[in-house]
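Note: the block below is query_5.cif and it holds mmCIF, C-alpha atoms.
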data_upload
loop_
_atom_site.label_atom_id
_atom_site.label_comp_id
_atom_site.auth_asym_id
_atom_site.auth_seq_id
_atom_site.Cartn_x
_atom_site.Cartn_y
_atom_site.Cartn_z
CA MET A 1459 -5.58 -105.00 59.28
CA ILE A 1460 -7.68 -102.64 57.23
CA ALA A 1461 -10.20 -104.46 55.05
CA ARG A 1462 -10.18 -103.87 51.31
CA PRO A 1463 -13.79 -103.84 50.11
CA LEU A 1464 -12.76 -104.49 46.51
CA LEU A 1465 -11.06 -107.79 47.48
CA LEU A 1466 -14.00 -109.12 49.56
CA PRO A 1467 -15.78 -110.93 46.66
CA PHE A 1468 -12.53 -112.65 45.71
CA PHE A 1469 -11.95 -113.72 49.33
CA VAL A 1470 -15.46 -115.27 49.56
CA ALA A 1471 -14.93 -117.04 46.26
CA SER A 1472 -11.68 -118.45 47.61
CA LEU A 1473 -13.41 -119.87 50.69
CA VAL A 1474 -16.08 -121.54 48.58
CA ALA A 1475 -13.42 -123.03 46.33
CA ALA A 1476 -11.49 -124.32 49.36
CA VAL A 1477 -14.57 -126.11 50.73
CA CYS A 1478 -15.84 -127.59 47.49
CA LEU A 1479 -12.60 -128.52 45.73
CA PRO A 1480 -9.75 -130.94 46.50
CA ALA A 1481 -6.54 -129.48 47.94
CA ALA A 1482 -4.70 -129.27 44.61
CA ASP A 1483 -7.65 -127.62 42.90
CA THR A 1484 -8.12 -125.35 45.91
CA GLN A 1485 -4.60 -123.96 45.53
CA ALA A 1486 -5.22 -123.36 41.81
CA ALA A 1487 -8.48 -121.54 42.55
CA LEU A 1488 -6.86 -119.36 45.20
CA LYS A 1489 -4.07 -118.47 42.79
CA ALA A 1490 -6.58 -117.61 40.07
CA VAL A 1491 -8.32 -115.00 42.22
CA GLU A 1492 -5.20 -113.33 43.60
CA VAL A 1493 -5.12 -109.59 42.90
CA PRO A 1494 -1.73 -107.87 43.20
CA ALA A 1495 -1.84 -104.98 45.65
CA ASP A 1496 0.02 -102.65 43.31
CA ALA A 1497 -1.92 -103.53 40.16
CA ALA A 1498 -2.76 -100.41 38.15
CA ALA A 1499 -5.28 -99.90 35.38
CA PRO A 1500 -3.63 -99.89 31.95
CA GLU A 1501 -3.21 -96.48 30.34
CA PRO A 1502 -5.59 -95.85 27.45
CA ALA A 1503 -3.99 -95.90 24.04
CA ARG A 1504 -3.14 -92.41 22.79
CA VAL A 1505 -5.09 -91.49 19.72
CA GLU A 1506 -3.39 -88.95 17.45
CA PRO A 1507 -5.72 -86.31 16.01
CA PRO A 1508 -6.16 -86.45 12.25
CA PRO A 1509 -4.03 -83.99 10.24
CA ARG A 1510 -5.61 -80.61 9.83
CA VAL A 1511 -6.93 -79.90 6.37
CA VAL A 1512 -7.07 -76.22 5.45
CA GLU A 1513 -8.61 -74.90 2.28
CA ARG A 1514 -6.57 -72.14 0.67
CA ASN A 1515 -9.08 -69.83 -0.94
CA ASN A 1516 -6.60 -67.08 -1.68
CA PRO A 1517 -3.00 -67.13 -2.93
CA SER A 1518 -1.99 -65.02 0.08
CA ASP A 1519 -2.94 -67.92 2.36
CA GLU A 1520 0.33 -69.59 1.44
CA PHE A 1521 2.09 -67.16 3.79
CA TYR A 1522 0.22 -68.54 6.80
CA ASP A 1523 1.15 -71.63 8.78
CA PRO A 1524 -1.96 -73.86 8.85
CA SER A 1525 -0.58 -75.78 11.84
CA SER A 1526 -0.59 -72.63 13.99
CA PRO A 1527 -3.29 -72.59 16.71
CA ALA A 1528 -4.00 -68.98 15.70
CA PHE A 1529 -4.52 -69.79 12.01
CA ASP A 1530 -8.28 -69.27 12.10
CA ARG A 1531 -7.95 -65.96 14.00
CA LEU A 1532 -5.34 -64.35 11.75
CA GLN A 1533 -6.57 -61.62 9.45
CA ARG A 1534 -5.99 -62.48 5.83
CA ALA A 1535 -3.83 -60.21 3.69
CA GLY A 1536 -6.62 -59.57 1.20
CA GLU A 1537 -8.88 -58.26 3.96
CA ALA A 1538 -6.17 -56.18 5.61
CA LEU A 1539 -5.04 -54.54 2.36
CA ASP A 1540 -8.49 -53.97 0.91
CA GLY A 1541 -9.06 -50.31 0.02
CA LEU A 1542 -5.41 -49.26 0.10
CA PRO A 1543 -4.09 -47.36 -2.95
CA ARG A 1544 -2.18 -49.30 -5.59
CA ASP A 1545 0.68 -48.32 -7.83
CA ARG A 1546 0.88 -48.93 -11.57
CA ASP A 1547 2.05 -52.49 -10.96
CA GLY A 1548 -0.94 -53.34 -8.81
CA LYS A 1549 1.11 -53.34 -5.60
CA ILE A 1550 0.27 -51.38 -2.46
CA ASP A 1551 1.48 -47.77 -2.66
CA TRP A 1552 2.55 -47.49 0.97
CA MET A 1553 3.66 -43.86 0.86
CA THR A 1554 0.36 -42.71 -0.61
CA ALA A 1555 -1.49 -44.72 2.03
CA LEU A 1556 0.62 -43.03 4.71
CA ARG A 1557 0.07 -39.55 3.28
CA GLN A 1558 -3.68 -40.11 3.10
CA GLY A 1559 -3.79 -41.26 6.71
CA LEU A 1560 -5.08 -44.70 5.77
CA ILE A 1561 -2.36 -46.35 7.84
CA LYS A 1562 -0.60 -45.16 10.99
CA PRO A 1563 2.54 -47.18 11.63
CA ARG A 1564 3.51 -47.48 15.28
CA GLN A 1565 6.91 -45.92 15.85
CA ARG A 1566 7.89 -48.21 18.70
CA LEU A 1567 6.59 -51.44 20.18
CA ASP A 1568 6.36 -49.86 23.62
CA GLY A 1569 4.22 -46.99 22.31
CA LYS A 1570 6.77 -44.27 23.05
CA ASP A 1571 7.65 -41.63 20.49
CA ARG A 1572 11.05 -41.65 18.83
CA GLU A 1573 13.04 -39.02 17.02
CA PRO A 1574 11.18 -37.27 14.14
CA PRO A 1575 11.94 -38.39 10.58
CA LEU A 1576 15.22 -37.19 9.07
CA ASP A 1577 14.44 -34.79 6.22
CA LEU A 1578 17.64 -35.20 4.22
CA ASP A 1579 18.08 -36.11 0.56
CA VAL A 1580 21.27 -37.84 -0.57
CA ILE A 1581 22.26 -37.75 -4.25
CA LEU A 1582 24.10 -40.81 -5.58
CA ARG A 1583 26.05 -39.77 -8.67
CA ASN A 1584 27.95 -42.88 -9.74
CA THR A 1585 25.08 -44.18 -11.91
CA LYS A 1586 26.83 -44.46 -15.33
CA GLN A 1587 24.41 -43.54 -18.14
CA MET A 1588 21.38 -43.40 -15.86
CA PRO A 1589 20.17 -40.24 -14.11
CA ASN A 1590 21.43 -39.75 -10.58
CA VAL A 1591 19.61 -41.35 -7.67
CA ARG A 1592 17.89 -39.19 -5.08
CA PHE A 1593 17.56 -41.07 -1.80
CA PRO A 1594 14.96 -39.40 0.46
CA HIS A 1595 15.70 -40.13 4.12
CA LYS A 1596 12.34 -38.75 5.21
CA ALA A 1597 10.29 -41.28 3.24
CA HIS A 1598 12.32 -44.06 4.85
CA THR A 1599 12.67 -42.79 8.42
CA GLU A 1600 8.90 -42.36 8.66
CA TRP A 1601 8.90 -46.16 8.76
CA LEU A 1602 12.32 -47.27 9.86
CA ASP A 1603 14.89 -46.56 12.51
CA CYS A 1604 18.41 -45.54 11.49
CA THR A 1605 19.73 -48.87 12.79
CA ASN A 1606 17.63 -50.73 10.21
CA CYS A 1607 20.04 -49.56 7.50
CA HIS A 1608 23.20 -48.36 9.29
CA PRO A 1609 25.82 -49.70 9.53
CA ASP A 1610 24.44 -52.81 7.79
CA PRO A 1611 23.94 -52.87 4.85
CA PHE A 1612 24.93 -49.21 4.39
CA GLU A 1613 27.96 -47.70 6.09
CA PRO A 1614 27.01 -44.15 7.20
CA LYS A 1615 29.78 -42.58 5.14
CA ALA A 1616 29.56 -41.30 1.57
CA GLY A 1617 31.14 -43.62 -0.96
CA SER A 1618 31.89 -46.40 1.55
CA THR A 1619 29.31 -48.86 0.17
CA ARG A 1620 29.46 -50.10 -3.41
CA ILE A 1621 25.89 -50.64 -4.60
CA LYS A 1622 25.17 -52.48 -7.83
CA MET A 1623 21.79 -53.07 -9.42
CA GLU A 1624 22.41 -56.79 -9.78
CA ASP A 1625 22.91 -56.97 -6.02
CA ILE A 1626 19.67 -55.12 -5.42
CA PHE A 1627 17.86 -57.56 -7.70
CA ARG A 1628 19.32 -60.39 -5.60
CA GLY A 1629 17.86 -58.98 -2.42
CA LYS A 1630 20.82 -57.03 -1.11
CA PHE A 1631 21.04 -53.37 -0.10
CA CYS A 1632 17.82 -51.63 -1.29
CA GLY A 1633 16.54 -55.03 -2.39
CA LYS A 1634 16.04 -56.08 1.23
CA CYS A 1635 12.74 -54.17 1.09
CA HIS A 1636 12.17 -53.19 -2.52
CA ASP A 1637 10.85 -55.89 -4.84
CA ARG A 1638 9.42 -57.53 -1.70
CA VAL A 1639 7.38 -55.02 0.30
CA ALA A 1640 8.27 -51.65 -1.21
CA PHE A 1641 7.76 -50.85 -4.89
CA ILE A 1642 9.31 -52.98 -7.64
CA THR A 1643 12.64 -51.46 -8.68
CA HIS A 1644 13.16 -52.91 -12.14
CA ARG A 1645 9.84 -51.49 -13.33
CA ASN A 1646 10.15 -48.12 -11.62
CA CYS A 1647 13.65 -46.92 -12.46
CA TYR A 1648 12.48 -43.31 -12.61
CA ARG A 1649 11.35 -43.33 -8.96
CA CYS A 1650 14.98 -43.54 -7.83
CA HIS A 1651 16.91 -42.28 -10.86
CA SER A 1652 15.09 -38.97 -10.71
CA VAL A 1653 17.80 -36.31 -10.96
CA ASN A 1654 19.79 -35.33 -14.06
CA PRO A 1655 23.52 -34.58 -13.71
CA ASP A 1656 22.74 -30.85 -14.00
CA GLY A 1657 20.35 -31.09 -11.05
CA THR A 1658 17.11 -30.83 -13.06
CA PRO A 1659 14.38 -33.43 -12.51
CA ALA A 1660 14.65 -36.51 -14.69
CA LEU A 1661 11.20 -37.05 -16.08
CA PRO A 1662 9.89 -40.58 -16.58
CA PRO A 1663 9.21 -41.76 -20.14
CA PRO A 1664 5.84 -40.61 -21.50
CA VAL A 1665 4.66 -44.16 -22.03
CA LEU A 1666 5.30 -46.77 -19.38
CA PRO A 1667 4.55 -50.46 -19.79
CA VAL A 1668 1.86 -51.82 -17.53
CA HIS A 1669 2.52 -54.96 -15.54
CA PRO A 1670 0.06 -57.76 -16.44
CA ALA A 1671 -0.79 -58.24 -12.75
CA SER A 1672 -2.33 -54.76 -12.60
CA GLN A 1673 -4.61 -55.30 -15.59
CA THR A 1674 -8.20 -56.33 -14.99
CA HIS A 1675 -9.71 -59.10 -17.06
#
Now that the file is in, can you turn its structure into structure tokens?
Amino acid sequence: MIARPLLLPFFVASLVAAVCLPAADTQAALKAVEVPADAAAPEPARVEPPPRVVERNNPSDEFYDPSSPAFDRLQRAGEALDGLPRDRDGKIDWMTALRQGLIKPRQRLDGKDREPPLDLDVILRNTKQMPNVRFPHKAHTEWLDCTNCHPDPFEPKAGSTRIKMEDIFRGKFCGKCHDRVAFITHRNCYRCHSVNPDGTPALPPPVLPVHPASQTH
């Protein structure tokens, strides 16, 4: 039999108890020092880490998940957008930033080049009392692939998609990007409704209201 060094002190104690104690007490002493062969040390109690407290120093921080392990490494929006041109509403003017070479969007995730932008303007004429809408494909395909818009939400056929301003304001059609990332539509009507029925440019009003967010205090 292989000796177990850890049980040797208990074995000696048992012998001493057997010599010095009566039989009944000897059995009790032997039982008291028995150590089960398969006894295992109890697992330490799991201590849950305290909830993470993150100070939000900027309103843009609300778009970040503070529970993310990468929270402290993520670049904040204010830092990333610092120095980019702004439009009259105080929002980033992405097309101006692109034209000035301040940003260089990657065409594909794999780094390969794709087809060049489509330089095609489409005139939307069913605009009631408003000037017609000129949709510039080039300004959009410098950022997006055709499949971002066709066939959903726009069928690639003239007159097949009924577009209403109230739907755009609700985040449909053009509103999937505009009023969220691209310029605000309901304050920049002239940027889309830019062509008169006779084909001449529709000039914006001479005086345009300024959004309070763009004013400095």
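Proximity to A:Pro1594 was assessed for A:Cys1607, A:Leu1578, A:Leu1539, A:Ile1550 counting only C-alpha atoms; the smallest distance is recorded for A:Leu1578.
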Would you work out the distance separating atom CA of A:Gln1565 from atom CA of A:Asp1551, expressed in Å to one decimal?
-> 19.4 Å
Measure the distance from atom CA of A:Thr1585 to atom CA of A:Glu1613 in Å and round it to one decimal.
-> 18.6 Å
Point out the residue among A:Ala1503, A:Val1653, A:Val1591, A:Leu1602 with the least atom-to-atom distance to A:Arg1564, counting all atoms listed in the file.
-> A:Leu1602
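If you look at atom CA of A:Trp1601 and atom CA of A:Arg1557, they are 12.3 Å away from each other.
Take the candidates A:Gly1548, A:Lys1615, A:His1644, A:Ser1652 and check each one against A:Arg1628 using only C-alpha atoms; the shortest distance goes to A:His1644.
Distances from A:Ile1621, A:Met1553, A:Val1580, A:Val1505 to A:Gly1633 were compared using all atoms listed in the file, and the smallest one belongs to A:Ile1621.
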